[in-house]
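start.csv (CSV, C-alpha atoms) appears below.
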chain,number,residue,atom,x,y,z
A,30,MET,CA,161.7,78.4,59.6
A,31,GLU,CA,160.1,81.4,58.0
A,32,PHE,CA,158.9,79.3,55.2
A,33,ARG,CA,157.2,76.8,57.5
A,34,ASN,CA,155.6,79.6,59.6
A,35,LYS,CA,154.3,81.2,56.5
A,36,PHE,CA,152.9,78.0,55.2
A,37,ALA,CA,151.1,77.3,58.5
A,38,PHE,CA,149.6,80.8,58.2
A,39,LEU,CA,148.2,80.3,54.8
A,40,ARG,CA,146.2,77.4,56.0
A,41,GLY,CA,144.6,79.4,58.8
A,42,GLN,CA,144.2,83.0,57.5
A,43,SER,CA,140.7,83.5,58.8
A,44,LYS,CA,141.8,82.4,62.2
A,45,PHE,CA,144.7,84.8,62.0
A,46,ASP,CA,142.4,87.7,61.1
A,47,ALA,CA,140.1,86.9,64.0
A,48,ALA,CA,143.0,86.6,66.4
A,49,LEU,CA,144.3,90.0,65.3
A,50,THR,CA,140.9,91.7,65.8
A,51,GLU,CA,140.7,90.1,69.2
A,52,GLU,CA,144.2,91.3,70.1
A,53,MET,CA,143.4,94.8,69.1
A,54,GLN,CA,140.2,94.8,71.1
A,55,PHE,CA,142.2,93.6,74.1
A,56,HIS,CA,144.7,96.4,73.6
A,57,ILE,CA,141.9,99.1,73.4
A,58,GLU,CA,140.2,97.8,76.5
A,59,GLU,CA,143.4,97.7,78.6
A,60,ARG,CA,144.2,101.2,77.5
A,61,ALA,CA,140.7,102.4,78.3
A,62,ASP,CA,141.0,100.8,81.8
A,63,GLU,CA,144.1,102.8,82.3
A,64,LEU,CA,142.5,106.0,81.2
A,65,GLU,CA,139.5,105.3,83.4
A,66,ARG,CA,141.7,104.9,86.4
A,67,ALA,CA,143.1,108.3,85.5
A,68,GLY,CA,139.5,109.7,85.8
A,69,VAL,CA,138.2,109.6,82.2
A,70,ALA,CA,134.6,108.3,81.6
A,71,ARG,CA,134.4,104.8,80.2
A,72,ALA,CA,132.9,105.8,76.8
A,73,GLU,CA,135.4,108.6,76.3
A,74,ALA,CA,138.3,106.3,77.4
A,75,LEU,CA,137.3,103.7,74.8
A,76,ARG,CA,137.1,106.4,72.1
A,77,ARG,CA,140.5,107.7,72.9
A,78,ALA,CA,142.1,104.3,73.1
A,79,ARG,CA,140.7,103.6,69.7
A,80,VAL,CA,142.0,106.8,68.2
A,81,GLU,CA,145.4,106.0,69.7
A,82,LEU,CA,145.6,102.6,68.1
A,83,GLY,CA,144.6,103.9,64.7
A,84,SER,CA,142.9,101.8,62.0
A,85,ALA,CA,142.9,98.2,63.1
A,86,ALA,CA,141.8,97.2,59.6
A,87,ARG,CA,144.9,98.8,58.0
A,88,MET,CA,147.1,97.2,60.5
A,89,ALA,CA,145.6,93.8,59.9
A,90,GLU,CA,146.3,94.2,56.2
A,91,ASP,CA,149.9,95.3,56.9
A,92,LEU,CA,150.4,92.4,59.2
A,93,SER,CA,148.9,89.7,57.0
A,94,ARG,CA,151.0,91.0,54.1
A,95,GLU,CA,154.1,90.0,55.9
A,96,TRP,CA,152.9,86.4,56.2
A,97,GLN,CA,152.2,86.0,52.6
A,98,TRP,CA,153.9,85.5,49.2
A,99,THR,CA,152.4,88.6,47.9
A,100,TRP,CA,153.8,88.1,44.4
A,101,PHE,CA,151.9,84.8,44.2
A,102,GLU,CA,148.6,86.4,45.1
A,103,ASP,CA,149.3,89.1,42.6
A,104,LEU,CA,150.1,86.6,39.9
A,105,LEU,CA,146.8,84.8,40.5
A,106,SER,CA,144.9,88.0,40.2
A,107,ASP,CA,146.7,88.9,37.0
A,108,LEU,CA,145.8,85.5,35.6
A,109,ARG,CA,142.2,86.0,36.6
A,110,PHE,CA,142.2,89.4,35.0
A,111,ALA,CA,143.7,87.9,31.8
A,112,ALA,CA,141.1,85.2,31.6
A,113,ARG,CA,138.3,87.8,32.1
A,114,SER,CA,139.5,90.1,29.4
A,115,LEU,CA,139.9,87.2,27.0
A,116,ARG,CA,136.3,86.2,27.6
A,117,ARG,CA,135.2,89.7,27.0
A,118,GLU,CA,137.0,89.9,23.7
A,119,PRO,CA,136.4,86.7,21.8
A,120,ALA,CA,137.9,88.2,18.6
A,121,PHE,CA,141.2,88.8,20.3
A,122,LEU,CA,141.1,85.4,21.8
A,123,ILE,CA,140.6,83.8,18.4
A,124,VAL,CA,143.4,85.8,16.9
A,125,ALA,CA,145.7,84.9,19.7
A,126,VAL,CA,144.9,81.2,19.6
A,127,LEU,CA,145.2,81.1,15.8
A,128,SER,CA,148.6,82.9,15.9
A,129,LEU,CA,149.8,80.4,18.4
A,130,ALA,CA,148.5,77.4,16.5
A,131,LEU,CA,150.0,78.7,13.2
A,132,GLY,CA,153.3,79.4,14.8
A,133,ILE,CA,153.5,76.0,16.4
A,134,GLY,CA,152.3,74.3,13.3
A,135,VAL,CA,154.8,76.0,11.0
A,136,ASN,CA,157.6,75.2,13.5
A,137,THR,CA,156.7,71.6,13.6
A,138,ALA,CA,156.5,71.4,9.8
A,139,ILE,CA,159.9,73.0,9.4
A,140,PHE,CA,161.4,70.8,12.0
A,141,SER,CA,160.0,67.6,10.6
A,142,PHE,CA,161.1,68.6,7.1
A,143,SER,CA,164.6,69.4,8.1
A,144,MET,CA,164.8,66.2,10.1
A,145,GLU,CA,163.8,64.3,7.1
A,146,ALA,CA,166.1,66.2,4.7
A,147,LEU,CA,169.2,66.4,6.9
A,148,MET,CA,169.2,63.8,9.6
A,149,SER,CA,167.5,60.7,8.3
A,150,GLU,CA,169.1,57.9,6.3
A,151,PRO,CA,167.6,55.3,4.0
A,152,SER,CA,167.5,51.6,5.1
A,153,VAL,CA,170.6,50.3,3.4
A,154,ARG,CA,173.8,48.6,4.5
A,155,ASP,CA,176.0,51.7,4.2
A,156,PRO,CA,174.6,55.0,3.0
A,157,SER,CA,178.0,56.6,2.6
A,158,THR,CA,178.9,54.2,-0.3
A,159,LEU,CA,175.8,55.2,-2.3
A,160,ALA,CA,175.5,58.1,-4.7
A,161,PHE,CA,172.4,59.2,-6.6
A,162,ALA,CA,172.9,60.0,-10.3
A,163,ARG,CA,170.8,61.3,-13.1
A,164,LEU,CA,171.8,60.5,-16.6
A,165,GLY,CA,171.6,63.4,-18.9
A,166,GLY,CA,169.6,65.5,-16.6
A,167,ASN,CA,166.4,63.5,-17.1
A,168,SER,CA,164.6,62.1,-14.1
A,169,HIS,CA,164.3,58.7,-15.8
A,170,VAL,CA,166.1,57.1,-18.7
A,171,ASP,CA,165.3,54.0,-20.7
A,172,MET,CA,166.7,50.6,-19.9
A,173,GLU,CA,169.2,50.6,-22.8
A,174,ARG,CA,171.1,53.7,-21.5
A,175,PHE,CA,170.9,52.3,-18.0
A,176,GLN,CA,172.5,49.1,-19.1
A,177,PHE,CA,175.1,51.0,-21.1
A,178,VAL,CA,176.2,52.8,-17.9
A,179,ARG,CA,176.2,49.6,-15.9
A,180,ASP,CA,178.3,47.8,-18.5
A,181,ALA,CA,180.8,50.6,-18.7
A,182,LYS,CA,181.9,49.6,-15.2
A,183,ALA,CA,182.5,53.2,-14.2
A,184,PHE,CA,181.1,52.4,-10.8
A,185,PRO,CA,181.3,49.1,-8.9
A,186,ASP,CA,177.6,48.6,-9.5
A,187,VAL,CA,174.7,50.5,-10.7
A,188,ALA,CA,171.0,50.0,-9.8
A,189,GLY,CA,167.9,51.7,-11.0
A,190,LEU,CA,164.6,52.5,-9.5
A,191,ARG,CA,161.4,54.2,-10.6
A,192,GLU,CA,159.2,55.4,-7.8
A,193,ASP,CA,156.0,56.4,-9.5
A,194,GLY,CA,154.7,53.0,-10.5
A,195,ASP,CA,151.1,51.8,-10.1
A,196,ILE,CA,150.3,48.1,-10.3
A,197,ASN,CA,147.0,46.4,-10.4
A,198,TRP,CA,146.4,43.6,-8.0
A,199,ARG,CA,143.6,41.1,-8.7
A,200,VAL,CA,141.9,39.8,-5.6
A,201,GLY,CA,139.1,37.4,-6.6
A,202,GLU,CA,136.6,39.5,-8.6
A,203,GLU,CA,138.1,42.8,-7.5
A,204,THR,CA,141.1,44.7,-8.7
A,205,GLN,CA,143.1,47.0,-6.3
A,206,ARG,CA,145.6,49.5,-7.3
A,207,LEU,CA,148.9,49.3,-5.4
A,208,PHE,CA,151.7,51.7,-5.2
A,209,ALA,CA,154.8,49.9,-6.5
A,210,MET,CA,158.5,50.9,-6.6
A,211,ARG,CA,160.0,49.4,-9.7
A,212,VAL,CA,163.6,48.5,-9.2
A,213,THR,CA,166.4,46.7,-11.1
A,214,ASP,CA,167.0,43.2,-10.0
A,215,ASN,CA,170.3,44.1,-8.4
A,216,LEU,CA,169.1,46.9,-6.1
A,217,PHE,CA,168.5,44.8,-3.0
A,218,GLU,CA,171.9,43.2,-3.1
A,219,MET,CA,173.8,46.2,-4.2
A,220,ALA,CA,172.4,48.6,-1.5
A,221,GLY,CA,172.0,45.9,1.2
A,222,ILE,CA,168.4,46.7,1.9
A,223,PRO,CA,167.4,44.7,5.0
A,224,VAL,CA,164.2,42.7,5.1
A,225,SER,CA,162.4,41.4,8.2
A,226,MET,CA,161.2,38.2,6.6
A,227,GLY,CA,162.2,36.2,3.6
A,228,ARG,CA,164.8,37.8,1.2
A,229,GLY,CA,165.3,40.7,-1.2
A,230,LEU,CA,164.9,40.6,-5.0
A,231,ARG,CA,167.6,38.6,-6.8
A,232,LEU,CA,169.4,38.9,-10.1
A,233,GLY,CA,167.4,37.7,-13.1
A,234,GLU,CA,164.1,37.6,-11.3
A,235,LEU,CA,161.1,39.1,-13.1
A,236,ASP,CA,158.1,37.8,-11.2
A,237,THR,CA,159.0,38.3,-7.5
A,238,VAL,CA,158.0,41.1,-5.1
A,239,VAL,CA,159.0,42.3,-1.7
A,240,ILE,CA,156.1,43.8,0.2
A,241,SER,CA,156.1,46.6,2.8
A,242,SER,CA,155.2,45.8,6.4
A,243,ARG,CA,152.1,48.0,6.0
A,244,MET,CA,150.9,46.0,3.0
A,245,TRP,CA,151.5,42.8,4.9
A,246,HIS,CA,149.6,43.9,8.0
A,247,GLY,CA,146.9,45.7,6.2
A,248,ARG,CA,145.9,44.1,2.9
A,249,LEU,CA,147.3,40.6,3.7
A,250,ALA,CA,146.1,40.4,7.3
A,251,SER,CA,149.5,39.6,8.6
A,252,ASP,CA,149.4,36.2,6.9
A,253,PRO,CA,152.2,34.1,8.6
A,254,ASP,CA,152.7,32.1,5.4
A,255,VAL,CA,153.0,35.2,3.2
A,256,ILE,CA,156.4,34.2,1.9
A,257,GLY,CA,155.8,32.2,-1.2
A,258,ARG,CA,152.2,33.4,-1.7
A,259,ALA,CA,151.3,34.3,-5.2
A,260,LEU,CA,149.8,37.7,-6.1
A,261,ILE,CA,148.2,38.4,-9.5
A,262,LEU,CA,149.9,41.7,-10.4
A,263,ASP,CA,149.1,43.4,-13.8
A,264,GLY,CA,147.6,40.0,-14.9
A,265,ARG,CA,150.7,38.0,-14.1
A,266,PRO,CA,151.4,35.9,-11.0
A,267,HIS,CA,154.2,37.2,-8.8
A,268,THR,CA,155.7,35.4,-5.7
A,269,VAL,CA,156.2,37.3,-2.5
A,270,VAL,CA,159.8,36.6,-1.5
A,271,GLY,CA,160.2,39.1,1.4
A,272,VAL,CA,158.7,41.5,3.8
A,273,LEU,CA,160.3,44.8,4.7
A,274,PRO,CA,160.7,45.9,8.3
A,275,GLU,CA,158.3,48.3,9.8
A,276,ASP,CA,160.9,51.1,9.9
A,277,HIS,CA,161.9,50.7,6.3
A,278,ARG,CA,162.8,53.9,4.5
A,279,THR,CA,163.2,54.1,0.8
A,280,LEU,CA,166.2,55.6,-0.9
A,281,ILE,CA,164.0,58.5,-1.9
A,282,GLY,CA,163.0,59.4,1.6
A,283,PHE,CA,160.4,62.1,2.4
A,284,GLY,CA,157.7,59.8,3.6
A,285,PHE,CA,157.7,57.7,0.5
A,286,HIS,CA,156.0,54.4,1.3
A,287,PRO,CA,155.4,52.0,-1.7
A,288,ASP,CA,153.3,49.0,-1.0
A,289,LEU,CA,155.8,46.7,-2.7
A,290,TYR,CA,159.1,46.6,-4.7
A,291,ALA,CA,158.8,44.8,-8.0
A,292,PRO,CA,161.5,44.2,-10.7
A,293,VAL,CA,161.5,46.8,-13.4
A,294,ARG,CA,160.3,46.0,-16.9
A,295,GLY,CA,160.7,49.5,-18.3
A,296,GLN,CA,163.0,52.3,-17.4
A,297,GLY,CA,164.3,54.2,-14.4
A,298,VAL,CA,167.6,55.2,-12.8
A,299,ASN,CA,169.3,55.7,-9.5
A,300,VAL,CA,173.0,54.9,-9.1
A,301,GLN,CA,175.8,53.8,-6.9
B,25,MET,CA,167.5,103.3,65.8
B,26,PRO,CA,166.5,100.5,63.3
B,27,GLY,CA,166.2,97.1,64.9
B,28,THR,CA,166.2,98.4,68.4
B,29,LEU,CA,162.5,97.7,68.8
B,30,TYR,CA,163.2,94.0,68.3
B,31,LEU,CA,165.9,94.2,70.9
B,32,LEU,CA,163.7,96.0,73.5
B,33,VAL,CA,160.8,93.6,73.0
B,34,MET,CA,163.0,90.5,73.2
B,35,ARG,CA,164.8,91.8,76.3
B,36,THR,CA,161.4,92.5,77.9
B,37,LEU,CA,160.2,89.0,77.1
B,38,ALA,CA,163.4,87.4,78.4
B,39,ALA,CA,161.9,87.4,82.0
B,40,GLY,CA,158.8,85.6,80.8
B,41,PRO,CA,155.7,85.7,78.5
B,42,LEU,CA,153.7,88.9,78.3
B,43,HIS,CA,150.9,90.2,76.2
B,44,GLY,CA,151.4,93.1,73.7
B,45,TYR,CA,149.9,95.8,75.9
B,46,ALA,CA,152.1,94.7,78.8
B,47,ILE,CA,155.2,94.8,76.6
B,48,ALA,CA,154.6,98.4,75.6
B,49,LYS,CA,154.0,99.3,79.2
B,50,ARG,CA,157.0,97.5,80.6
B,51,ILE,CA,159.3,99.2,78.0
B,52,LYS,CA,157.9,102.6,79.0
B,53,GLU,CA,158.3,102.0,82.7
B,54,SER,CA,161.8,100.5,82.6
B,55,SER,CA,163.0,103.3,80.4
B,56,GLY,CA,161.9,105.8,83.0
B,57,GLU,CA,158.9,106.9,80.9
B,58,PHE,CA,161.3,108.0,78.3
B,59,LEU,CA,160.6,105.5,75.5
B,60,THR,CA,157.1,105.1,74.2
B,61,VAL,CA,156.4,102.2,71.9
B,62,GLU,CA,153.8,103.1,69.3
B,63,GLU,CA,151.1,100.5,69.0
B,64,GLY,CA,151.2,101.0,65.3
B,65,SER,CA,154.8,99.7,65.2
B,66,LEU,CA,154.7,97.3,68.2
B,67,TYR,CA,152.2,94.8,66.7
B,68,PRO,CA,153.7,94.7,63.3
B,69,ALA,CA,157.1,94.1,65.0
B,70,LEU,CA,155.7,91.3,67.1
B,71,ASN,CA,154.2,89.9,64.0
B,72,ARG,CA,157.5,90.0,62.1
B,73,MET,CA,159.2,88.3,65.0
B,74,LEU,CA,156.6,85.5,64.9
B,75,VAL,CA,157.3,85.1,61.2
B,76,LYS,CA,161.0,84.8,61.9
B,77,GLY,CA,160.4,82.3,64.6
B,78,TRP,CA,161.9,84.3,67.4
B,79,LEU,CA,158.6,84.4,69.3
B,80,THR,CA,155.6,82.2,69.8
B,81,ALA,CA,152.1,83.4,70.7
B,82,GLU,CA,149.5,81.8,72.8
B,83,TRP,CA,146.1,82.9,74.1
B,84,GLY,CA,145.6,83.2,77.8
B,85,LEU,CA,143.8,85.3,80.4
B,86,SER,CA,145.2,88.7,81.5
B,87,GLU,CA,145.2,90.1,85.0
B,88,SER,CA,142.0,92.0,84.1
B,89,ASN,CA,140.5,88.6,83.2
B,90,ARG,CA,140.3,89.3,79.5
B,91,LYS,CA,141.4,87.0,76.7
B,92,ALA,CA,144.9,88.2,75.7
B,93,ARG,CA,147.7,87.0,73.4
B,94,PHE,CA,150.9,86.2,75.3
B,95,TYR,CA,154.2,86.3,73.5
B,96,GLU,CA,157.1,84.0,74.5
B,97,LEU,CA,160.7,84.0,73.5
B,98,THR,CA,161.8,80.9,71.6
B,99,SER,CA,165.3,79.5,71.9
B,100,ALA,CA,166.0,81.0,68.5
B,101,GLY,CA,164.8,84.3,69.9
B,102,ARG,CA,167.1,83.9,72.9
B,103,LYS,CA,170.1,83.4,70.7
B,104,ARG,CA,169.1,86.4,68.6
B,105,LEU,CA,168.6,88.5,71.7
B,106,LYS,CA,172.1,87.7,72.9
B,107,LEU,CA,173.6,88.6,69.5
B,108,GLU,CA,171.7,91.8,69.1
B,109,ASN,CA,172.5,92.8,72.7
B,110,GLN,CA,176.2,92.5,72.1
B,111,ASP,CA,176.0,94.3,68.8
B,112,PHE,CA,174.0,97.1,70.3
B,113,ARG,CA,176.4,97.6,73.2
B,114,ARG,CA,179.4,97.5,71.0
B,115,MET,CA,177.8,100.2,68.8
B,116,VAL,CA,176.9,102.4,71.7
B,117,ARG,CA,180.4,102.1,73.0
B,118,ALA,CA,181.8,103.0,69.6
B,119,ILE,CA,179.5,106.1,69.4
B,120,GLU,CA,180.5,107.2,72.8
B,121,LEU,CA,184.2,106.9,71.9
B,122,VAL,CA,183.6,109.1,68.9
B,123,LEU,CA,181.6,111.6,70.9
B,124,ASP,CA,184.3,111.8,73.6
B,125,ASN,CA,187.4,111.7,71.6
B,126,ALA,CA,186.9,113.1,68.2
With the file now loaded, output its structure as structure tokens.
Amino acid sequence: MEFRNKFAFLRGQSKFDAALTEEMQFHIEERADELERAGVARAEALRRARVELGSAARMAEDLSREWQWTWFEDLLSDLRFAARSLRREPAFLIVAVLSLALGIGVNTAIFSFSMEALMSEPSVRDPSTLAFARLGGNSHVDMERFQFVRDAKAFPDVAGLREDGDINWRVGEETQRLFAMRVTDNLFEMAGIPVSMGRGLRLGELDTVVISSRMWHGRLASDPDVIGRALILDGRPHTVVGVLPEDHRTLIGFGFHPDLYAPVRGQGVNVQ
Amino acid sequence: MPGTLYLLVMRTLAAGPLHGYAIAKRIKESSGEFLTVEEGSLYPALNRMLVKGWLTAEWGLSESNRKARFYELTSAGRKRLKLENQDFRRMVRAIELVLDNA
């Protein structure tokens, strides 16, 4: 009830003020009439009536205060004041905005980083069965030592990958540099990396590649017949055998997005 | 006493709508010229009662043929009046008991 009444008041405040002034005027005149009947001159009677009533303006303010959400008007005027002072002090405004921007930015960065480091999982069949190993403390080892570990059968299977490979792709008269992940031929089967089209790399293959969805959509114009298409890579024809899903994540993580996976011809290690 | 002004105003309006000036006058007369309602508190009180929904106000013409604001008791106001009336009488009786017997 009170709420509804107050709301109705807000919509007609000027009418309220006028009504109050009129009501006060009525009161003064009635009182003056009474004084007049008691023998006071009209002018004096009006003056006395006015004095008795006191300041109508003050009363109007008191009255309208009761109809309002005073805190709300105060809040609005505080906001107006804040906006004005910010305009007057651009240096302060810039510092405030920069602090906010930096704060938000750093927070976002930390959050994204921890999400990536702690929460995300690579696109494989079962991440809990995989372990990452470095042989002899080196980031990469040569193929011989890799094969030695694999043949030792200390683990059910061992696959290797090298993430920093560039590869040259010849397109007509041009050559483009692609970012390639070099992997051992068993990696796709061992880790169970899903593909959205075609298949993964297979044992014994040397001239096949699996391309990323970005590579397929971007450089190959989403060619529907991309499986089986030949790409000239480092001067040798390679066959596209598979396309990775859009949400593919490498075993390395951290926003690592190679254009394609190609079988290794050199060295590199990563183990299960 | 706090709250008694509401009670007096509502009791005065129980007989029918009146304008502010008449309310003050009626209270003064019916109290045997003993109670004077200050204008400075009457209008704020009327206003508060409007906010609470106990009264409604409407413009009309006074006996002196001037435009005046007439206040009328709502049904919520009537209920409130009954309640406050009982409370007040109970309190007066209690005070009398103390004054007589303590």
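If you take all atoms listed in the file and a cut-off of 10 Å, the residues of chain B that reach chain A are B:His43, B:Gly44, B:Tyr45, B:Ala46, B:Glu62, B:Glu63, B:Gly64, B:Ser65, B:Tyr67, B:Pro68, B:Ala69, B:Leu70, B:Asn71, B:Arg72, B:Met73, B:Leu74, B:Val75, B:Lys76, B:Gly77, B:Trp78, B:Trp83, B:Ser86, B:Ser88, B:Arg90, B:Lys91, B:Ala92, B:Arg93, B:Phe94.
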Query raised in the report: Just how far from CA of Gly189 in chain A is CA of Arg174 in chain A, in Å to one decimal?
Result: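 Computing the Euclidean distance for CA of Arg174 in chain A and CA of Gly189 in chain A yields 11.2 Å.
For the pair CA of Phe184 in chain A and CA of Asp214 in chain A, the interatomic distance is 16.9 Å.
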Query raised in the report: Can you tell me, as a list in words, which residues sit within 12 Å of (166.8, 36.2, 2.7) in the file's frame, using all atoms listed in the file?
Result: Phe217, Glu218, Gly221, Ile222, Pro223, Val224, Ser225, Met226, Gly227, Arg228, Gly229, Leu230, Arg231, Val239, Ile256, Val269, Val270, Gly271, Val272 and Leu273 of chain A
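One distance worth recording is that between CA of Leu207 in chain A and CA of Asp195 in chain A, which is 5.8 Å.
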Query raised in the report: Which residues, protein or nucleic acid, reach to within 9 Å of (152.5, 79.5, 71.0) in the file's coordinates when using all atoms listed in the file, and can you give that as a list in words?
Result: Leu79, Thr80, Ala81, Glu82, Trp83, Phe94, Tyr95 and Glu96 of chain B
With C-alpha atoms kept, could you save the residues just selected as a compact mmCIF listing (two decimals), keeping the file's coordinate frame?
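Result file follows (selection_17.txt):
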# COMPACT_ATOMS: atom_id res chain seq x y z
CA LEU B 79 158.60 84.40 69.30
CA THR B 80 155.60 82.20 69.80
CA ALA B 81 152.10 83.40 70.70
CA GLU B 82 149.50 81.80 72.80
CA TRP B 83 146.10 82.90 74.10
CA PHE B 94 150.90 86.20 75.30
CA TYR B 95 154.20 86.30 73.50
CA GLU B 96 157.10 84.00 74.50
**Report entry** All residues 10 Å or closer to Leu32 in chain B, all atoms listed in the file, same chain fewer than 5 positions away omitted, as number ranges by chain
**Finding:** B: 27, 37-38, 47-48, 50-51, 61, 105, 109
For those residues, write C-alpha atoms to a file as a compact mmCIF listing (two decimals), in the coordinates of the input.
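Generated file (selection29.txt):
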# COMPACT_ATOMS: atom_id res chain seq x y z
CA GLY B 27 166.20 97.10 64.90
CA LEU B 37 160.20 89.00 77.10
CA ALA B 38 163.40 87.40 78.40
CA ILE B 47 155.20 94.80 76.60
CA ALA B 48 154.60 98.40 75.60
CA ARG B 50 157.00 97.50 80.60
CA ILE B 51 159.30 99.20 78.00
CA VAL B 61 156.40 102.20 71.90
CA LEU B 105 168.60 88.50 71.70
CA ASN B 109 172.50 92.80 72.70
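Between Val33 in chain B and the candidates B:Lys106, B:Leu66, B:Glu53, B:Leu121, the tightest atom-to-atom separation, counting only C-alpha atoms, involves B:Leu66.
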Query raised in the report: Within 12 Å of Val187 in chain A, counting all atoms listed in the file, which residues qualify if same-chain residues fewer than 4 places away don't, as a PyMOL selection string?
Result: chain A and resi 158-164+174-183+212-220+297-301
